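Q: One structure follows; several queries about it will come next.
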Amino acid sequence: MDNDVSAINSLVSQYKELKQEIGHVIVGQDEAVDGLLLAIFTGGHCLLVGVPGLAKTLMVNTLAQALGLQFSRIQFTPDLMPSDITGSEILDDSRHFRFVKGPLFANIVLADEINRTPPKTQAALLEAMQEHRVTVGNNSYKLEDPFFVLATQNPIEQEGTYPLPEAQLDRFMLNVRLDYPSFEEELDIVKRTTTLQTATVRTVLSAADIMGYQQVIRKMPVADNVLSYAVKLVSLTRPVSGSGNTAERYITWGAGPRASQYLILGAKTHAAFHGKYSPDSDDVRAVATNVLRHRIVRNYYAEAEGISTDQIIARLLSEIK
């Protein structure tokens, strides 16, 4: 127990160092950076949604450098095949089949514009995300540990896209939205990027460190009332006929049990980042929007009244007792 306490204390200082190093390159976007770090230390995958030009790729690349992890970027396009991301078997000069690894064999994989590739290729990524392995022919190959998929989507260009199926969306722990920078932040960005000066990022942690912290976070105790709070919140997203609540009025489909799991895991990591040895309901609330955002399907009335998913979640948080 003493080792776990000291590990959490160490994580708090490492977390602050990571934010500082990333801040040398990325201006603002604190919530997005926090979301990425939360997913990584929890061991989940993250979906980044934002318009072009908000430094999504640069953010993930900078994060990989600060964490000392191998980074790979895949540009998803309509003609991308499963073998283009998993790798393929080739016949070498000695007439033996040899497996050539694809870009999925890295610690952090940036799936850029994931909704631009057909379902067959999306399915290949699904296996990697869930099983941490890929299957080519009759052989399975284990992926590197730790392994994270950080995928991006452009919310404004939907022509020629293949919307992610609900099963794959559910595999992402978090759905993080990137907003435009403030005036001061954009001014700072322009100052930094229009000179010859380039910022460098120091490696703060290693892959072994990250996996060690993941184990400590998993072992963190959670009180029964916090577990109940998370499950109640997820239950409130499920419409029940005749209840007259927010879910019945605005939601077609609610979140499944994986949402409850991720709420607790996310709350544990959020608590650890802030020096707490056990999460409380405030930690659950802090991660709720990013965990539930992509697991709730709005109905016609919500769209007609202009009620966003985030507004629905805010209402559910105010209703929970």
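The chains in the structure tokens are called A, B, ... from first to last as shown; in each chain the residues are counted from 1, and the ligands are counted from 1 in the order shown.
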Extract, using only C-alpha atoms, all DNA, RNA and protein residues at most 12 Å from Lys276 (chain A), discarding same-chain residues fewer than 5 positions from it, and format them as a list in words.
A: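 My list of contacting residues is Asp4, Val5, Ser6, Ala7, Ile8, Asn9, Ser10, Leu11, Val12, Ile217, Met220, Pro221, Val222, Ala267, Lys268, Thr269, His270, Ala271, Asp282 and Asp283 of chain A.
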Q: As a PDB file with C-alpha atoms, in the first residue's frame, which residues of region 77-299 of chain A does DSSP assign to alpha helix (DSSP H)?
A:
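Everything below was put into part-v1.pdb:
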ATOM      1  CA  PRO A  82      -6.713  -3.810 -44.043  1.00  0.00           C
ATOM      2  CA  SER A  83      -3.245  -5.076 -45.012  1.00  0.00           C
ATOM      3  CA  ASP A  84      -2.088  -1.460 -45.390  1.00  0.00           C
ATOM      4  CA  ILE A  85      -2.431  -1.001 -41.650  1.00  0.00           C
ATOM      5  CA  THR A  86      -1.874  -4.495 -40.226  1.00  0.00           C
ATOM      6  CA  PRO A 119     -15.893  -0.636 -42.893  1.00  0.00           C
ATOM      7  CA  LYS A 120     -13.587  -3.536 -43.813  1.00  0.00           C
ATOM      8  CA  THR A 121     -10.508  -1.540 -42.837  1.00  0.00           C
ATOM      9  CA  GLN A 122     -12.271  -0.102 -39.797  1.00  0.00           C
ATOM     10  CA  ALA A 123     -12.959  -3.689 -38.676  1.00  0.00           C
ATOM     11  CA  ALA A 124      -9.258  -4.557 -38.879  1.00  0.00           C
ATOM     12  CA  LEU A 125      -8.549  -1.651 -36.554  1.00  0.00           C
ATOM     13  CA  LEU A 126     -11.339  -2.853 -34.242  1.00  0.00           C
ATOM     14  CA  GLU A 127      -9.566  -6.165 -33.569  1.00  0.00           C
ATOM     15  CA  ALA A 128      -6.311  -4.369 -32.826  1.00  0.00           C
ATOM     16  CA  MET A 129      -8.044  -2.010 -30.388  1.00  0.00           C
ATOM     17  CA  GLN A 130      -9.896  -4.760 -28.541  1.00  0.00           C
ATOM     18  CA  GLU A 131      -7.446  -7.669 -28.642  1.00  0.00           C
ATOM     19  CA  GLU A 166     -21.693   1.952 -32.742  1.00  0.00           C
ATOM     20  CA  ALA A 167     -19.654  -1.139 -31.825  1.00  0.00           C
ATOM     21  CA  GLN A 168     -16.438   0.560 -32.844  1.00  0.00           C
ATOM     22  CA  LEU A 169     -17.339   3.896 -31.270  1.00  0.00           C
ATOM     23  CA  PHE A 183      -7.595  35.267 -29.151  1.00  0.00           C
ATOM     24  CA  GLU A 184      -4.575  35.299 -26.812  1.00  0.00           C
ATOM     25  CA  GLU A 185      -3.782  31.647 -27.526  1.00  0.00           C
ATOM     26  CA  GLU A 186      -4.012  32.134 -31.279  1.00  0.00           C
ATOM     27  CA  LEU A 187      -1.762  35.174 -31.008  1.00  0.00           C
ATOM     28  CA  ASP A 188       0.793  33.048 -29.144  1.00  0.00           C
ATOM     29  CA  ILE A 189       0.516  30.295 -31.775  1.00  0.00           C
ATOM     30  CA  VAL A 190       1.221  32.755 -34.592  1.00  0.00           C
ATOM     31  CA  LYS A 191       4.212  34.224 -32.735  1.00  0.00           C
ATOM     32  CA  ARG A 192       5.707  30.779 -32.143  1.00  0.00           C
ATOM     33  CA  THR A 193       5.163  29.340 -35.607  1.00  0.00           C
ATOM     34  CA  ALA A 207       6.793   2.701 -21.698  1.00  0.00           C
ATOM     35  CA  ALA A 208       7.634   0.677 -18.573  1.00  0.00           C
ATOM     36  CA  ASP A 209       6.776   3.678 -16.360  1.00  0.00           C
ATOM     37  CA  ILE A 210       3.385   4.080 -18.030  1.00  0.00           C
ATOM     38  CA  MET A 211       2.485   0.400 -17.620  1.00  0.00           C
ATOM     39  CA  GLY A 212       3.571   0.579 -13.971  1.00  0.00           C
ATOM     40  CA  TYR A 213       1.298   3.553 -13.324  1.00  0.00           C
ATOM     41  CA  GLN A 214      -1.559   1.802 -15.123  1.00  0.00           C
ATOM     42  CA  GLN A 215      -1.283  -1.093 -12.648  1.00  0.00           C
ATOM     43  CA  VAL A 216      -1.280   1.278  -9.670  1.00  0.00           C
ATOM     44  CA  ILE A 217      -4.396   3.057 -10.968  1.00  0.00           C
ATOM     45  CA  ARG A 218      -6.169  -0.263 -11.532  1.00  0.00           C
ATOM     46  CA  LYS A 219      -5.499  -1.256  -7.896  1.00  0.00           C
ATOM     47  CA  ASP A 224     -19.463   1.582  -3.111  1.00  0.00           C
ATOM     48  CA  ASN A 225     -21.295   4.915  -3.256  1.00  0.00           C
ATOM     49  CA  VAL A 226     -18.979   6.079  -6.090  1.00  0.00           C
ATOM     50  CA  LEU A 227     -19.585   2.841  -8.004  1.00  0.00           C
ATOM     51  CA  SER A 228     -23.329   3.324  -7.535  1.00  0.00           C
ATOM     52  CA  TYR A 229     -23.084   6.942  -8.695  1.00  0.00           C
ATOM     53  CA  ALA A 230     -21.401   5.902 -11.971  1.00  0.00           C
ATOM     54  CA  VAL A 231     -23.886   3.101 -12.684  1.00  0.00           C
ATOM     55  CA  LYS A 232     -26.867   5.361 -11.865  1.00  0.00           C
ATOM     56  CA  LEU A 233     -25.565   7.991 -14.267  1.00  0.00           C
ATOM     57  CA  VAL A 234     -25.235   5.465 -17.095  1.00  0.00           C
ATOM     58  CA  SER A 235     -28.698   4.052 -16.283  1.00  0.00           C
ATOM     59  CA  LEU A 236     -30.170   7.542 -16.644  1.00  0.00           C
ATOM     60  CA  THR A 246     -34.619  13.432 -19.997  1.00  0.00           C
ATOM     61  CA  ALA A 247     -33.630  10.104 -21.573  1.00  0.00           C
ATOM     62  CA  GLU A 248     -37.158   9.278 -22.707  1.00  0.00           C
ATOM     63  CA  ARG A 249     -37.613  12.734 -24.178  1.00  0.00           C
ATOM     64  CA  TYR A 250     -34.279  13.148 -25.986  1.00  0.00           C
ATOM     65  CA  PRO A 257     -22.066  -1.301 -19.382  1.00  0.00           C
ATOM     66  CA  ARG A 258     -18.694  -0.382 -20.903  1.00  0.00           C
ATOM     67  CA  ALA A 259     -19.555   3.253 -20.117  1.00  0.00           C
ATOM     68  CA  SER A 260     -19.838   2.410 -16.402  1.00  0.00           C
ATOM     69  CA  GLN A 261     -16.468   0.666 -16.510  1.00  0.00           C
ATOM     70  CA  TYR A 262     -14.789   3.603 -18.224  1.00  0.00           C
ATOM     71  CA  LEU A 263     -16.403   6.113 -15.857  1.00  0.00           C
ATOM     72  CA  ILE A 264     -14.804   4.350 -12.896  1.00  0.00           C
ATOM     73  CA  LEU A 265     -11.437   3.819 -14.600  1.00  0.00           C
ATOM     74  CA  GLY A 266     -11.407   7.428 -15.797  1.00  0.00           C
ATOM     75  CA  ALA A 267     -12.371   8.661 -12.313  1.00  0.00           C
ATOM     76  CA  LYS A 268      -9.493   6.655 -10.823  1.00  0.00           C
ATOM     77  CA  THR A 269      -6.983   8.222 -13.211  1.00  0.00           C
ATOM     78  CA  HIS A 270      -8.433  11.705 -12.733  1.00  0.00           C
ATOM     79  CA  ALA A 271      -8.134  11.264  -8.969  1.00  0.00           C
ATOM     80  CA  ALA A 272      -4.545  10.018  -9.256  1.00  0.00           C
ATOM     81  CA  PHE A 273      -3.558  13.017 -11.404  1.00  0.00           C
ATOM     82  CA  SER A 281     -18.289  11.423  -7.385  1.00  0.00           C
ATOM     83  CA  ASP A 282     -16.589  14.676  -8.477  1.00  0.00           C
ATOM     84  CA  ASP A 283     -14.006  12.615 -10.377  1.00  0.00           C
ATOM     85  CA  VAL A 284     -16.824  10.687 -12.093  1.00  0.00           C
ATOM     86  CA  ARG A 285     -18.487  13.966 -13.076  1.00  0.00           C
ATOM     87  CA  ALA A 286     -15.185  15.316 -14.398  1.00  0.00           C
ATOM     88  CA  VAL A 287     -14.864  12.507 -16.980  1.00  0.00           C
ATOM     89  CA  ALA A 288     -18.572  11.924 -17.660  1.00  0.00           C
ATOM     90  CA  THR A 289     -19.010  14.099 -20.754  1.00  0.00           C
ATOM     91  CA  ASN A 290     -16.028  12.660 -22.649  1.00  0.00           C
ATOM     92  CA  VAL A 291     -17.012   9.091 -21.707  1.00  0.00           C
ATOM     93  CA  LEU A 292     -20.713   9.392 -22.586  1.00  0.00           C
TER      94      LEU A 292
END
Q: What residues in region 33-246 of chain A get the DSSP label strand (DSSP E or B)? Please answer as a PyMOL selection string.
A: chain A and resi 45-49+71-75+87-91+97-101+108-112+133-136+139-142+148-153+172-177
Q: Give me, please, the distance in Å between CA of Asn115 (chain A) and CA of Glu144 (chain A), quoted to one decimal.
A: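 If I compute the distance from CA of Asn115 (chain A) to CA of Glu144 (chain A), I get 24.3 Å.
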Q: Nearest to Ala151 (chain A) among A:Asn138, A:Ser94, A:Gln75, A:Thr200, with distances taken over only C-alpha atoms: which residue is it?
A: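 With only C-alpha atoms as the atom set, the closest residue is A:Gln75.
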Q: Which residues, written as a PyMOL selection string, have at least one atom at most 8 Å from Leu174 (chain A), with only C-alpha atoms counted and residues fewer than 3 positions away on the same chain left out?
A: chain A and resi 35+39+44-47+290-292+294
Q: Have a look at A:Ala223, A:Val201, A:Gln311, A:Asp145 and name the one nearest to Asp280 (chain A); count only C-alpha atoms.
A: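 Among the listed residues, A:Ala223 lies closest to Asp280 (chain A).
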Q: Taking 6 positions as the minimum chain separation for residues in the same chain, which residues sit within 9 Å of Leu67 (chain A) when counting only C-alpha atoms? Answer as a PyMOL selection string.
A: chain A and resi 18+202-207+210
Q: Which one is closest to Asp30 (chain A): A:Ala199, A:Val49, A:Ile74, A:Val176? Count only C-alpha atoms.
A: A:Val176
Q: Work out how far apart CA of His24 (chain A) and CA of Ala64 (chain A) are and give it in Å to one decimal.
A: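 Calculated distance between CA of His24 (chain A) and CA of Ala64 (chain A) is 14.0 Å.
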Q: May I ask which of the residues A:Met173, A:Ala111, A:Val240, A:Leu69 is the closest one to Arg295 (chain A), counting only C-alpha atoms?
A: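 Among A:Met173, A:Ala111, A:Val240, A:Leu69, it is A:Met173 that comes nearest to Arg295 (chain A).
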Q: Smallest atom-to-atom distance to Gly87 (chain A): which of A:Gly137, A:Gly254, A:Pro239, A:Gly50, using only C-alpha atoms?
A: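 When distances to Gly87 (chain A) are compared using only C-alpha atoms, the smallest one comes from A:Gly137.
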Q: Go through A:Glu89, A:Asp112, A:Glu21, A:Asp34 one by one, measure the shortest atom-to-atom distance of each to Gln65 (chain A) using only C-alpha atoms, and give the residue with the smallest value.
A: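 Between A:Glu89, A:Asp112, A:Glu21, A:Asp34, the residue approaching Gln65 (chain A) most closely is A:Glu21.
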Q: Excluding Phe105 (chain A) and its own-chain neighbours fewer than 3 positions away, which residues fall within 7 Å of it when counting only C-alpha atoms? Please give them as a list in words.
A: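 What passes the distance filter is Lys101, Gly102, Leu143 and Glu144 of chain A.
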Q: Next, write the just-selected residues to a file, as a tab-separated table (two decimals), in the first residue's frame, keeping C-alpha atoms as the atom set.
A:
chain	number	residue	atom	x	y	z
A	101	LYS	CA	4.66	-5.38	-39.98
A	102	GLY	CA	2.30	-2.53	-40.81
A	143	LEU	CA	1.03	-5.63	-30.82
A	144	GLU	CA	3.47	-3.55	-28.81
